[in-house]
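Next up, work-v1.csv (CSV, C-alpha atoms and all ligand atoms):
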chain,number,residue,atom,x,y,z
A,1,MET,CA,108.7,180.2,63.6
A,2,ILE,CA,107.5,176.8,64.9
A,3,THR,CA,107.4,176.6,68.7
A,4,ALA,CA,105.6,173.8,70.6
A,5,VAL,CA,105.5,172.1,73.9
A,6,ILE,CA,104.5,168.4,73.7
A,7,TYR,CA,102.1,168.4,76.6
A,8,SER,CA,100.1,165.8,78.4
A,9,GLU,CA,98.7,165.7,81.9
A,10,SER,CA,99.4,162.1,82.4
A,11,GLY,CA,102.7,160.2,82.3
A,12,GLY,CA,103.7,157.7,79.7
A,13,THR,CA,101.6,159.1,76.9
A,14,PHE,CA,104.6,158.9,74.5
A,15,LYS,CA,105.6,162.6,74.8
A,16,THR,CA,109.3,161.9,74.6
A,17,THR,CA,108.9,159.6,71.6
A,18,MET,CA,106.6,162.1,69.9
A,19,THR,CA,109.1,165.0,70.6
A,20,ALA,CA,112.0,163.0,69.1
A,21,ASN,CA,110.0,161.9,66.0
A,22,LEU,CA,108.5,165.3,65.3
A,23,ALA,CA,111.9,167.1,65.7
A,24,VAL,CA,113.5,164.7,63.2
A,25,ALA,CA,110.6,165.0,60.8
A,26,LEU,CA,110.7,168.8,61.0
A,27,GLU,CA,114.5,168.7,60.4
A,28,ARG,CA,114.0,166.5,57.4
A,29,MET,CA,111.4,169.0,56.1
A,30,GLY,CA,114.2,171.6,56.0
A,31,GLN,CA,113.4,173.2,59.4
A,32,ASN,CA,116.5,173.9,61.5
A,33,THR,CA,115.2,172.3,64.8
A,34,LEU,CA,116.1,172.6,68.4
A,35,MET,CA,114.8,170.3,71.2
A,36,ILE,CA,114.9,171.4,74.8
A,37,ASP,CA,114.7,168.6,77.4
A,38,LEU,CA,113.1,169.9,80.7
A,39,ASP,CA,112.6,166.4,82.2
A,40,PRO,CA,115.3,165.4,84.7
A,41,GLN,CA,114.1,161.8,85.0
A,42,GLU,CA,115.5,158.7,83.5
A,43,GLY,CA,114.3,157.7,80.1
A,44,ASN,CA,114.1,161.3,78.9
A,45,LEU,CA,114.9,162.8,75.5
A,46,THR,CA,118.5,163.4,76.5
A,47,SER,CA,119.2,159.7,77.1
A,48,LEU,CA,117.2,158.7,74.0
A,49,PHE,CA,119.7,160.8,71.9
A,50,ASP,CA,122.7,159.8,74.0
A,51,ALA,CA,123.4,163.5,74.8
A,52,GLY,CA,124.1,165.4,78.1
A,53,GLU,CA,127.3,163.8,79.2
A,54,HIS,CA,127.5,166.1,82.2
A,55,ARG,CA,123.9,165.9,83.2
A,56,ASN,CA,124.7,164.4,86.6
A,57,ASP,CA,127.6,166.8,87.4
A,58,PRO,CA,126.3,169.5,89.8
A,59,ASP,CA,129.2,171.8,88.8
A,60,ALA,CA,128.6,171.6,85.0
A,61,ASP,CA,127.0,174.5,83.4
A,62,ASN,CA,123.4,173.8,82.5
A,63,LEU,CA,120.1,175.3,81.3
A,64,VAL,CA,118.8,176.0,84.8
A,65,LYS,CA,121.8,178.2,85.6
A,66,HIS,CA,121.0,180.2,82.4
A,67,ILE,CA,117.3,180.4,83.1
A,68,LEU,CA,118.1,181.7,86.6
A,69,ASP,CA,120.6,184.2,85.1
A,70,MET,CA,123.6,182.7,86.8
A,71,PRO,CA,125.4,181.1,83.8
A,72,ASP,CA,128.7,179.3,84.1
A,73,GLY,CA,129.6,179.6,80.5
A,74,ASP,CA,128.4,180.4,77.0
A,75,PHE,CA,124.7,179.5,76.3
A,76,HIS,CA,125.7,178.0,73.0
A,77,ASP,CA,128.0,175.5,74.7
A,78,LEU,CA,124.9,173.9,76.1
A,79,ILE,CA,123.6,173.0,72.7
A,80,GLU,CA,124.6,169.6,71.2
A,81,THR,CA,123.9,168.3,67.7
A,82,THR,CA,122.5,164.8,67.4
A,83,ALA,CA,123.4,162.2,64.7
A,84,GLU,CA,120.2,163.1,62.8
A,85,GLY,CA,121.0,166.8,62.6
A,86,VAL,CA,118.6,168.0,65.2
A,87,ASP,CA,120.1,170.1,68.0
A,88,ILE,CA,119.3,169.5,71.7
A,89,ILE,CA,119.7,171.3,75.0
A,90,PRO,CA,120.0,168.3,77.3
A,91,SER,CA,118.5,167.7,80.6
A,92,HIS,CA,120.4,168.2,83.9
A,93,ASP,CA,119.8,167.0,87.5
A,94,MET,CA,119.4,170.6,88.6
A,95,LEU,CA,116.0,170.7,86.7
A,96,SER,CA,114.6,168.7,89.7
A,97,ASP,CA,115.5,171.6,92.1
A,98,PHE,CA,114.3,174.3,89.8
A,99,THR,CA,111.5,175.6,92.0
A,100,SER,CA,113.6,175.8,95.2
A,101,ASN,CA,116.4,177.6,93.3
A,102,LEU,CA,113.8,179.9,91.8
A,103,GLU,CA,112.3,180.7,95.2
A,104,GLN,CA,115.8,181.7,96.5
A,105,LYS,CA,116.3,184.0,93.5
A,106,ILE,CA,112.9,185.5,94.0
A,107,SER,CA,113.5,186.1,97.7
A,108,TYR,CA,116.8,187.8,97.0
A,109,GLU,CA,115.6,189.9,94.1
A,110,THR,CA,112.3,191.0,95.6
A,111,GLY,CA,114.1,191.9,98.8
A,112,MET,CA,116.5,194.1,96.9
A,113,GLN,CA,113.9,195.8,94.7
A,114,ASN,CA,111.1,196.3,97.2
A,115,MET,CA,108.8,194.2,95.0
A,116,SER,CA,106.2,191.7,96.2
A,117,ARG,CA,106.7,188.0,95.5
A,118,GLU,CA,103.5,187.9,93.5
A,119,GLU,CA,104.8,190.6,91.1
A,120,TYR,CA,107.9,188.6,90.2
A,121,PRO,CA,107.6,187.3,86.6
A,122,ARG,CA,108.4,183.7,87.6
A,123,PHE,CA,107.0,182.2,84.4
A,124,GLU,CA,108.7,184.5,82.0
A,125,LEU,CA,112.3,183.5,82.6
A,126,LEU,CA,112.7,181.0,79.8
A,127,TYR,CA,110.9,183.3,77.4
A,128,ASP,CA,113.4,186.1,78.2
A,129,LEU,CA,116.4,183.7,77.8
A,130,LEU,CA,115.4,182.1,74.5
A,131,TRP,CA,114.0,185.0,72.6
A,132,LYS,CA,115.1,188.3,74.2
A,133,GLU,CA,118.7,187.3,75.3
A,134,GLN,CA,119.7,184.5,72.9
A,135,LYS,CA,117.4,185.5,70.0
A,136,LEU,CA,117.0,181.8,69.0
A,137,ASN,CA,114.4,182.8,66.5
A,138,GLU,CA,117.2,184.1,64.4
A,139,GLU,CA,118.9,180.8,64.5
A,140,TYR,CA,116.2,178.1,64.4
A,141,ASP,CA,113.1,177.5,62.4
A,142,ALA,CA,111.6,175.2,65.1
A,143,VAL,CA,111.9,174.7,68.9
A,144,LEU,CA,110.2,171.8,70.6
A,145,ILE,CA,110.1,171.2,74.4
A,146,ASP,CA,109.6,167.9,76.2
A,147,PRO,CA,108.6,169.2,79.6
A,148,ASN,CA,108.4,167.5,83.0
A,149,ALA,CA,104.6,167.7,83.6
A,150,ARG,CA,105.1,167.6,87.4
A,151,ALA,CA,107.5,170.5,87.8
A,152,GLU,CA,105.0,173.3,87.5
A,153,ASP,CA,107.3,176.3,87.3
A,154,LEU,CA,109.2,174.7,84.4
A,155,LEU,CA,106.1,173.6,82.6
A,156,TYR,CA,104.6,177.1,82.9
A,157,ASN,CA,107.9,178.6,81.7
A,158,ALA,CA,107.9,176.3,78.7
A,159,ILE,CA,104.3,177.1,77.8
A,160,PHE,CA,104.8,180.8,78.4
A,161,ALA,CA,107.9,180.7,76.1
A,162,LEU,CA,106.4,178.6,73.2
A,163,ARG,CA,102.7,179.4,73.4
A,164,THR,CA,101.5,176.3,71.4
A,165,LEU,CA,100.8,172.8,72.6
A,166,ILE,CA,100.7,169.5,70.9
A,167,ALA,CA,98.9,166.9,72.9
A,168,PRO,CA,99.5,163.2,72.5
A,169,VAL,CA,96.7,161.1,74.1
A,170,LYS,CA,96.6,157.4,74.9
A,171,PRO,CA,93.5,155.3,74.5
A,172,ALA,CA,92.0,154.9,77.9
A,173,GLY,CA,88.6,155.1,79.5
A,174,LYS,CA,89.3,158.6,80.6
A,175,GLY,CA,90.7,159.8,77.3
A,176,ASN,CA,88.4,162.7,77.2
A,177,LEU,CA,89.0,163.7,80.8
A,178,SER,CA,92.7,164.2,80.2
A,179,LEU,CA,91.7,166.8,77.5
A,180,GLU,CA,89.4,168.6,80.0
A,181,GLY,CA,92.5,168.9,82.2
A,182,LEU,CA,94.3,170.4,79.2
A,183,GLU,CA,91.6,173.0,78.5
A,184,GLU,CA,91.6,174.0,82.2
A,185,LEU,CA,95.3,174.5,82.2
A,186,VAL,CA,95.2,176.5,79.0
A,187,GLY,CA,92.3,178.6,80.3
A,188,ASN,CA,94.0,179.3,83.7
A,189,MET,CA,97.3,180.2,82.1
A,190,GLU,CA,95.7,182.5,79.6
A,191,SER,CA,93.8,184.5,82.2
A,192,GLN,CA,96.6,184.5,84.8
A,193,LEU,CA,99.4,185.5,82.4
A,194,ASP,CA,97.3,187.4,80.0
A,195,ILE,CA,98.6,185.5,76.9
A,196,GLU,CA,97.1,183.4,74.3
A,197,ILE,CA,97.9,179.7,74.1
A,198,GLY,CA,97.1,177.6,71.1
A,199,LEU,CA,96.4,173.9,70.8
A,200,SER,CA,97.9,172.8,67.5
A,201,CYS,CA,96.5,169.3,67.5
A,202,VAL,CA,95.7,166.2,69.5
A,203,VAL,CA,97.4,163.0,68.5
A,204,PRO,CA,95.8,159.8,69.6
A,205,SER,CA,98.8,157.4,70.0
A,206,GLY,CA,99.3,153.7,70.7
A,207,VAL,CA,95.9,152.9,69.2
A,208,GLY,CA,95.3,149.2,68.8
A,209,ARG,CA,92.8,147.3,66.6
A,210,THR,CA,90.2,146.4,69.3
A,211,ASN,CA,86.7,147.7,69.0
A,212,ALA,CA,87.2,149.9,72.0
A,213,HIS,CA,90.2,151.5,70.5
A,214,LYS,CA,88.4,152.0,67.2
A,215,GLN,CA,85.6,153.8,68.9
A,216,TYR,CA,88.2,155.9,70.7
A,217,GLN,CA,89.8,156.8,67.5
A,218,ASP,CA,86.5,157.7,65.9
A,219,GLN,CA,85.6,159.9,68.8
A,220,PHE,CA,88.8,161.9,68.5
A,221,GLU,CA,88.8,162.1,64.7
A,222,ASN,CA,85.1,163.2,64.5
A,223,THR,CA,85.2,166.0,67.0
A,224,GLU,CA,85.2,169.7,66.0
A,225,ALA,CA,86.8,170.7,69.2
A,226,PHE,CA,90.4,170.3,68.0
A,227,ALA,CA,92.4,169.0,65.0
A,228,THR,CA,93.6,165.3,64.9
A,229,PRO,CA,95.6,165.2,61.7
A,230,VAL,CA,96.8,161.6,62.3
A,231,THR,CA,96.4,158.7,64.7
A,232,ILE,CA,99.5,156.8,65.6
A,233,ALA,CA,99.0,153.1,65.9
A,234,ASN,CA,100.3,150.9,68.7
A,235,ARG,CA,103.9,150.5,67.5
A,236,GLU,CA,105.8,149.2,70.6
A,237,SER,CA,108.5,147.3,68.7
A,238,LEU,CA,109.3,150.2,66.5
A,239,MET,CA,109.3,152.9,69.2
A,240,ASP,CA,111.1,150.8,71.7
A,241,ALA,CA,113.9,150.2,69.2
A,242,MET,CA,114.5,154.0,69.2
A,243,TRP,CA,116.2,153.5,72.5
A,244,GLU,CA,118.7,151.1,70.9
A,245,ALA,CA,119.1,153.2,67.7
A,246,ARG,CA,119.6,156.3,69.9
A,247,GLY,CA,117.4,158.3,67.6
A,248,SER,CA,114.1,158.6,65.8
A,249,ALA,CA,111.8,155.9,64.4
A,250,PHE,CA,113.1,157.1,61.0
A,251,LYS,CA,116.6,156.0,62.0
A,252,VAL,CA,115.3,152.7,63.3
A,253,ILE,CA,113.9,151.8,59.9
A,254,GLU,CA,116.6,153.4,57.8
A,255,GLU,CA,119.3,151.6,59.7
A,256,ARG,CA,117.1,148.6,60.4
A,257,TRP,CA,117.6,148.3,64.1
A,258,LYS,CA,116.2,145.2,65.8
A,259,THR,CA,116.3,143.7,69.3
A,260,PHE,CA,116.4,139.9,69.4
A,261,GLU,CA,117.7,137.0,71.4
A,262,LYS,CA,121.1,135.5,70.7
A,263,ASN,CA,122.7,132.8,72.8
A,264,GLY,CA,120.3,133.5,75.6
A,265,GLU,CA,120.9,137.2,75.6
A,266,MET,CA,118.9,140.1,74.3
A,267,ILE,CA,120.9,142.2,71.8
A,268,SER,CA,120.2,145.1,69.5
A,269,GLU,CA,121.8,145.5,66.1
A,270,SER,CA,121.4,147.5,63.0
A,271,GLY,CA,120.9,145.9,59.6
A,272,GLN,CA,118.5,143.3,61.0
A,273,ARG,CA,115.0,144.7,61.0
A,274,ARG,CA,112.5,143.4,58.5
A,275,ILE,CA,110.8,146.2,56.5
A,276,ARG,CA,107.1,146.1,57.3
A,277,GLU,CA,104.6,148.2,55.4
A,278,ARG,CA,102.8,149.2,58.6
A,279,GLU,CA,105.9,150.6,60.2
A,280,VAL,CA,106.8,152.6,57.1
A,281,GLU,CA,103.2,153.9,57.1
A,282,THR,CA,103.8,155.1,60.7
A,283,LEU,CA,106.8,157.1,59.5
A,284,TYR,CA,104.6,158.7,56.8
A,285,LYS,CA,102.0,159.6,59.5
A,286,LEU,CA,104.7,161.1,61.7
A,287,TYR,CA,105.9,163.1,58.7
A,288,LYS,CA,102.3,164.1,57.9
A,289,LEU,CA,101.8,165.3,61.5
A,290,ALA,CA,105.0,167.4,61.3
A,291,TRP,CA,103.8,168.8,58.0
A,292,PHE,CA,100.4,169.7,59.5
A,293,ILE,CA,102.1,171.5,62.4
A,294,ALA,CA,104.6,173.3,60.1
A,295,THR,CA,102.2,174.4,57.4
A,296,ASP,CA,98.7,174.5,59.0
A,297,THR,CA,99.5,175.7,62.5
A,298,PHE,CA,102.5,177.9,61.7
A,299,ASP,CA,102.3,178.7,58.0
A,300,ALA,CA,105.9,177.7,57.5
A,301,ASP,CA,107.4,176.7,54.1
A,302,ALA,CA,108.2,173.0,54.5
A,303,ASP,CA,109.3,170.2,52.1
A,304,PRO,CA,106.4,167.9,51.6
A,305,VAL,CA,108.5,165.0,50.3
A,306,LEU,CA,109.8,162.3,52.6
A,307,GLU,CA,112.6,160.2,51.3
A,308,LEU,CA,113.6,157.1,53.2
A,309,ASN,CA,117.0,155.7,52.4
A,310,ILE,CA,116.7,152.3,53.9
A,311,GLN,CA,119.8,150.1,54.2
A,312,ASP,CA,119.9,147.4,51.6
A,313,TYR,CA,116.4,148.2,50.4
A,314,ASP,CA,114.6,150.3,47.8
A,315,ASN,CA,114.3,154.0,48.6
A,316,GLN,CA,110.8,155.0,49.6
A,317,VAL,CA,109.5,158.4,48.5
A,318,LEU,CA,106.3,160.0,49.7
A,319,ASP,CA,104.9,163.4,48.6
A,320,LEU,CA,102.3,164.7,51.0
A,321,GLU,CA,100.9,167.0,48.4
A,322,ASP,CA,100.2,164.0,46.1
A,323,ASP,CA,97.2,162.3,47.6
A,324,ASP,CA,97.1,159.4,45.1
A,325,LYS,CA,100.6,158.5,45.9
A,326,MET,CA,99.9,158.6,49.6
A,327,GLU,CA,97.2,156.1,49.2
A,328,ALA,CA,99.3,153.9,46.9
A,329,THR,CA,102.2,153.8,49.3
A,330,THR,CA,100.2,153.3,52.5
A,331,ALA,CA,97.6,150.9,51.3
B,1,LIG,N1,102.9,154.5,69.3
B,1,LIG,C1,103.4,153.7,70.3
B,1,LIG,N2,102.9,152.5,70.5
B,1,LIG,C2,103.3,151.7,71.5
B,1,LIG,N3,104.3,152.1,72.3
B,1,LIG,C3,104.9,153.3,72.2
B,1,LIG,C4,104.4,154.2,71.2
B,1,LIG,N4,105.2,155.3,71.2
B,1,LIG,C5,106.0,155.1,72.3
B,1,LIG,N5,105.9,153.9,72.8
B,1,LIG,C6,106.6,153.4,74.0
B,1,LIG,O1,106.0,153.8,75.2
B,1,LIG,C7,107.0,154.0,76.2
B,1,LIG,C8,106.8,155.3,76.9
B,1,LIG,O2,107.0,156.4,75.9
B,1,LIG,P1,107.6,157.8,76.2
B,1,LIG,O3,108.8,157.6,77.0
B,1,LIG,O4,107.7,158.5,75.0
B,1,LIG,O5,106.4,158.4,77.2
B,1,LIG,P2,106.5,159.8,78.0
B,1,LIG,O6,105.1,160.4,77.9
B,1,LIG,O7,107.6,160.6,77.6
B,1,LIG,O8,106.7,159.2,79.5
B,1,LIG,P3,107.0,160.1,80.8
B,1,LIG,O9,105.7,160.6,81.3
B,1,LIG,O10,107.6,159.1,81.7
B,1,LIG,O11,108.0,161.1,80.4
B,1,LIG,C9,108.4,153.8,75.5
B,1,LIG,O12,108.9,152.5,75.8
B,1,LIG,C10,108.0,153.9,74.1
B,1,LIG,O13,108.9,153.2,73.3
B,2,MG,MG,109.1,161.5,78.7
For this file, write the structure as structure tokens.
Amino acid sequence: MITAVIYSESGGTFKTTMTANLAVALERMGQNTLMIDLDPQEGNLTSLFDAGEHRNDPDADNLVKHILDMPDGDFHDLIETTAEGVDIIPSHDMLSDFTSNLEQKISYETGMQNMSREEYPRFELLYDLLWKEQKLNEEYDAVLIDPNARAEDLLYNAIFALRTLIAPVKPAGKGNLSLEGLEELVGNMESQLDIEIGLSCVVPSGVGRTNAHKQYQDQFENTEAFATPVTIANRESLMDAMWEARGSAFKVIEERWKTFEKNGEMISESGQRRIREREVETLYKLYKLAWFIATDTFDADADPVLELNIQDYDNQVLDLEDDDKMEATTA
């Protein structure tokens, strides 16, 4: 089973974009995929996919209630299916108060059981819910989490439950430093919780064509410290259009979503985007990344052929196992 937390220490490193695109790529590879949104802030995975209608309703059942073992309904009623076939457990406002709610639960339960607070397994709750209680491993081939890096208890629960990290990194002077932070986090969690955490790969993203960016890319691609199966270029227009298409970059191109000015107003419509080779190449890279994670990190059986059904345009087919073709189509 494929399980990964899309992790980055810093904000705005394209985690949400990456989670969405990887989830859709995995689904297209034949992996039944679930995304879990643990970020209560605006601009999260839930709003990207236009899910979580009741995320602001304090009375609505939500994931936090289930993690804290106080559900208000059936766990499966939390799961929604997006237009691209990937399932999502949406975010909810209550995720912001997770730690204070957890502290109350710990006070209550340790008081009842004559247990010290330190003994309470506070990072194991999501693990127990997903695998022991709900047995999601019997239902899904892949689970991806977009965490809220600041909410420590939730982040640790996510990492404890999924055990593998994918780290998008942005070109910046301190590119390397952010990875040192990652190694520290992994080391601390491994020794504190007595588990093994794996880093599937590092994905340099938003890389432009300047010399500084080129050097940055080389530095990451040439290191032995971790795998960097692909570099994702700076693709602001494509990735921003995901928020209008309400879905992945695959959807943006297949449905040809474009944002443009009309009578002094910015509008977004499908059927308008020009097909650019470099954007199609980015889809191939995202697919290749998902393929690496599925087959190299997790040894899963995944479909290497990406077929793009682009509106009013020739279908594009790419076979990741056919290197010549890869070069021909991405040249
Ligand atoms: N490869 C890319 N090149 C340029 N811009 C990108 C790229 N990928 C995503 N973006 C844009 O960058 C912005 C931030 O991306 P995103 O929301 O995925 O980051 P995040 O890490 O989830 O942020 P946060 O820490 O706030 O959760 C979005 O507007 C998105 O469209
Ligand atoms: Mg985000």
### Task
With only C-alpha atoms and all ligand atoms counted, collect every polymer residue having an atom within 10 Å of ligand LIG 1 (chain B); state the result as number ranges by chain.
A: 6-21, 39-45, 48, 146-150, 168-170, 204-208, 231-243, 249, 282
Find the residues with any atom within 12 Å of (119.5, 156.7, 59.3); use all atoms listed in the file and the coordinates as given in the file, and write the answer as a PDB file with C-alpha atoms, keeping the file's coordinate frame.
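The file below, part_28.pdb, is the result:
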ATOM      1  CA  VAL A  24     113.500 164.700  63.200  1.00  0.00           C
ATOM      2  CA  ARG A  28     114.000 166.500  57.400  1.00  0.00           C
ATOM      3  CA  THR A  82     122.500 164.800  67.400  1.00  0.00           C
ATOM      4  CA  ALA A  83     123.400 162.200  64.700  1.00  0.00           C
ATOM      5  CA  GLU A  84     120.200 163.100  62.800  1.00  0.00           C
ATOM      6  CA  GLY A  85     121.000 166.800  62.600  1.00  0.00           C
ATOM      7  CA  MET A 242     114.500 154.000  69.200  1.00  0.00           C
ATOM      8  CA  ALA A 245     119.100 153.200  67.700  1.00  0.00           C
ATOM      9  CA  ARG A 246     119.600 156.300  69.900  1.00  0.00           C
ATOM     10  CA  GLY A 247     117.400 158.300  67.600  1.00  0.00           C
ATOM     11  CA  SER A 248     114.100 158.600  65.800  1.00  0.00           C
ATOM     12  CA  ALA A 249     111.800 155.900  64.400  1.00  0.00           C
ATOM     13  CA  PHE A 250     113.100 157.100  61.000  1.00  0.00           C
ATOM     14  CA  LYS A 251     116.600 156.000  62.000  1.00  0.00           C
ATOM     15  CA  VAL A 252     115.300 152.700  63.300  1.00  0.00           C
ATOM     16  CA  ILE A 253     113.900 151.800  59.900  1.00  0.00           C
ATOM     17  CA  GLU A 254     116.600 153.400  57.800  1.00  0.00           C
ATOM     18  CA  GLU A 255     119.300 151.600  59.700  1.00  0.00           C
ATOM     19  CA  ARG A 256     117.100 148.600  60.400  1.00  0.00           C
ATOM     20  CA  TRP A 257     117.600 148.300  64.100  1.00  0.00           C
ATOM     21  CA  SER A 270     121.400 147.500  63.000  1.00  0.00           C
ATOM     22  CA  GLY A 271     120.900 145.900  59.600  1.00  0.00           C
ATOM     23  CA  GLU A 307     112.600 160.200  51.300  1.00  0.00           C
ATOM     24  CA  LEU A 308     113.600 157.100  53.200  1.00  0.00           C
ATOM     25  CA  ASN A 309     117.000 155.700  52.400  1.00  0.00           C
ATOM     26  CA  ILE A 310     116.700 152.300  53.900  1.00  0.00           C
ATOM     27  CA  GLN A 311     119.800 150.100  54.200  1.00  0.00           C
TER      28      GLN A 311
END
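Separating atom CA of Val5 of chain A from atom CA of Ala167 of chain A is a distance of 8.5 Å.
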### Query
For Ile67 of chain A, which of A:Glu133, A:Glu279, A:Glu109, A:Glu80 is the closest residue, counting only C-alpha atoms?
A:Glu133
Set the distance at 9 Å and use only C-alpha atoms: which residues neighbour Met1 of chain A once local chain neighbours fewer than 6 positions away are removed? I'd like the list as a PDB file with C-alpha atoms, in the coordinates of the input.
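Writing done, so here's around15.pdb:
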ATOM      1  CA  ASN A 137     114.400 182.800  66.500  1.00  0.00           C
ATOM      2  CA  TYR A 140     116.200 178.100  64.400  1.00  0.00           C
ATOM      3  CA  ASP A 141     113.100 177.500  62.400  1.00  0.00           C
ATOM      4  CA  ALA A 142     111.600 175.200  65.100  1.00  0.00           C
ATOM      5  CA  VAL A 143     111.900 174.700  68.900  1.00  0.00           C
ATOM      6  CA  ALA A 294     104.600 173.300  60.100  1.00  0.00           C
ATOM      7  CA  PHE A 298     102.500 177.900  61.700  1.00  0.00           C
ATOM      8  CA  ASP A 299     102.300 178.700  58.000  1.00  0.00           C
ATOM      9  CA  ALA A 300     105.900 177.700  57.500  1.00  0.00           C
TER      10      ALA A 300
END
### Atomic distance atom CA of Leu34 of chain A - atom CA of Arg273 of chain A, expressed in Å with one decimal
28.9 Å
Using all atoms listed in the file, what does the table of segment 120-239 of chain A residues within 12 Å of segment 53-66 of chain A look like, with each row giving the shortest atom pair and its distance in Å to one decimal, sorted by chain and ascending number, as a Markdown table?
| residue | atom | partner | partner_atom | distance |
| --- | --- | --- | --- | --- |
| A:Leu125 | CA | A:His66 | CA | 9.3 |
| A:Leu126 | CA | A:His66 | CA | 8.7 |
| A:Tyr127 | CA | A:His66 | CA | 11.7 |
| A:Asp128 | CA | A:His66 | CA | 10.5 |
| A:Leu129 | CA | A:His66 | CA | 7.4 |
| A:Leu130 | CA | A:His66 | CA | 9.9 |
| A:Glu133 | CA | A:His66 | CA | 10.3 |
| A:Gln134 | CA | A:His66 | CA | 10.5 |
| A:Asp153 | CA | A:Val64 | CA | 11.8 |
| A:Leu154 | CA | A:Val64 | CA | 9.7 |
| A:Asn157 | CA | A:Val64 | CA | 11.6 |
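Between atom CA of Pro229 of chain A and atom CA of Tyr156 of chain A the interatomic distance comes to 25.9 Å.
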#### Entry: Residue neighbourhood Thr46 of chain A, 9 Å, all atoms listed in the file, exclusion window fewer than 5 positions, as a ChimeraX atom specification
/A:36-37,39,51-52,55,88-91
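Of the listed residues A:Thr33, A:Ser47, A:Ser107, A:Asn315, the one whose atoms come nearest to ligand MG 2 (chain B) is A:Ser47, with distances taken using only C-alpha atoms and all ligand atoms.
Proximity ranking of A:Leu283, A:Gln104, A:Ile197, A:His92 relative to Glu184 of chain A places A:Ile197 first, based on only C-alpha atoms.
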### Expected residue set, 10 Å radius at (105.8, 176.3, 70.0), all atoms listed in the file, as an MDAnalysis selection string
chainID A and resid 1:6 142:145 158:166 197:200 293 297:298
### Message
Need to verify the contact set: Ala225 of chain A, 12 Å, only C-alpha atoms, exclusion of same-chain residues closer than 6 positions in sequence. Can you return it as a list in words?
### Response
Asn176, Leu179, Glu180, Glu183, Leu199, Ser200, Cys201, Val202 and Gln219 of chain A
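Of the residues listed (A:Asp93, A:Leu38, A:Gln192, A:Leu68), A:Leu38 shows the shortest atom-to-atom separation from ligand MG 2 (chain B); distances use all atoms listed in the file.
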Can you take segment 193-207 of chain A from the block and write N, CA and C atoms as an mmCIF file, in the first residue's frame?
data_model
loop_
_atom_site.group_PDB
_atom_site.id
_atom_site.type_symbol
_atom_site.label_atom_id
_atom_site.label_comp_id
_atom_site.auth_asym_id
_atom_site.auth_seq_id
_atom_site.Cartn_x
_atom_site.Cartn_y
_atom_site.Cartn_z
ATOM 1 N N LEU A 193 9.388 7.824 18.982
ATOM 2 C CA LEU A 193 8.239 6.931 18.832
ATOM 3 C C LEU A 193 8.642 5.514 18.484
ATOM 4 N N ASP A 194 9.938 5.326 18.316
ATOM 5 C CA ASP A 194 10.439 3.995 18.017
ATOM 6 C C ASP A 194 9.810 3.425 16.732
ATOM 7 N N ILE A 195 9.806 4.235 15.693
ATOM 8 C CA ILE A 195 9.303 3.781 14.393
ATOM 9 C C ILE A 195 10.322 4.155 13.329
ATOM 10 N N GLU A 196 10.153 3.608 12.143
ATOM 11 C CA GLU A 196 11.020 4.000 11.040
ATOM 12 C C GLU A 196 10.231 4.867 10.080
ATOM 13 N N ILE A 197 10.826 5.991 9.695
ATOM 14 C CA ILE A 197 10.177 6.890 8.741
ATOM 15 C C ILE A 197 11.050 6.967 7.498
ATOM 16 N N GLY A 198 10.420 6.808 6.354
ATOM 17 C CA GLY A 198 11.181 6.835 5.110
ATOM 18 C C GLY A 198 10.948 8.124 4.337
ATOM 19 N N LEU A 199 11.987 8.582 3.639
ATOM 20 C CA LEU A 199 11.823 9.711 2.728
ATOM 21 C C LEU A 199 11.789 9.119 1.325
ATOM 22 N N SER A 200 10.599 9.159 0.691
ATOM 23 C CA SER A 200 10.494 8.602 -0.663
ATOM 24 C C SER A 200 11.353 9.406 -1.624
ATOM 25 N N CYS A 201 11.143 10.699 -1.638
ATOM 26 C CA CYS A 201 11.914 11.540 -2.557
ATOM 27 C C CYS A 201 11.736 13.019 -2.237
ATOM 28 N N VAL A 202 12.645 13.788 -2.811
ATOM 29 C CA VAL A 202 12.591 15.238 -2.717
ATOM 30 C C VAL A 202 12.233 15.746 -4.108
ATOM 31 N N VAL A 203 11.311 16.711 -4.175
ATOM 32 C CA VAL A 203 10.877 17.210 -5.481
ATOM 33 C C VAL A 203 11.112 18.716 -5.581
ATOM 34 N N PRO A 204 12.219 19.114 -6.210
ATOM 35 C CA PRO A 204 12.420 20.543 -6.428
ATOM 36 C C PRO A 204 11.299 21.059 -7.331
ATOM 37 N N SER A 205 10.625 22.118 -6.891
ATOM 38 C CA SER A 205 9.444 22.591 -7.625
ATOM 39 C C SER A 205 9.480 24.104 -7.796
ATOM 40 N N GLY A 206 8.899 24.556 -8.879
ATOM 41 C CA GLY A 206 8.892 25.987 -9.165
ATOM 42 C C GLY A 206 10.248 26.469 -9.652
ATOM 43 N N VAL A 207 10.993 25.564 -10.279
ATOM 44 C CA VAL A 207 12.355 25.893 -10.705
ATOM 45 C C VAL A 207 12.328 26.646 -12.040
#
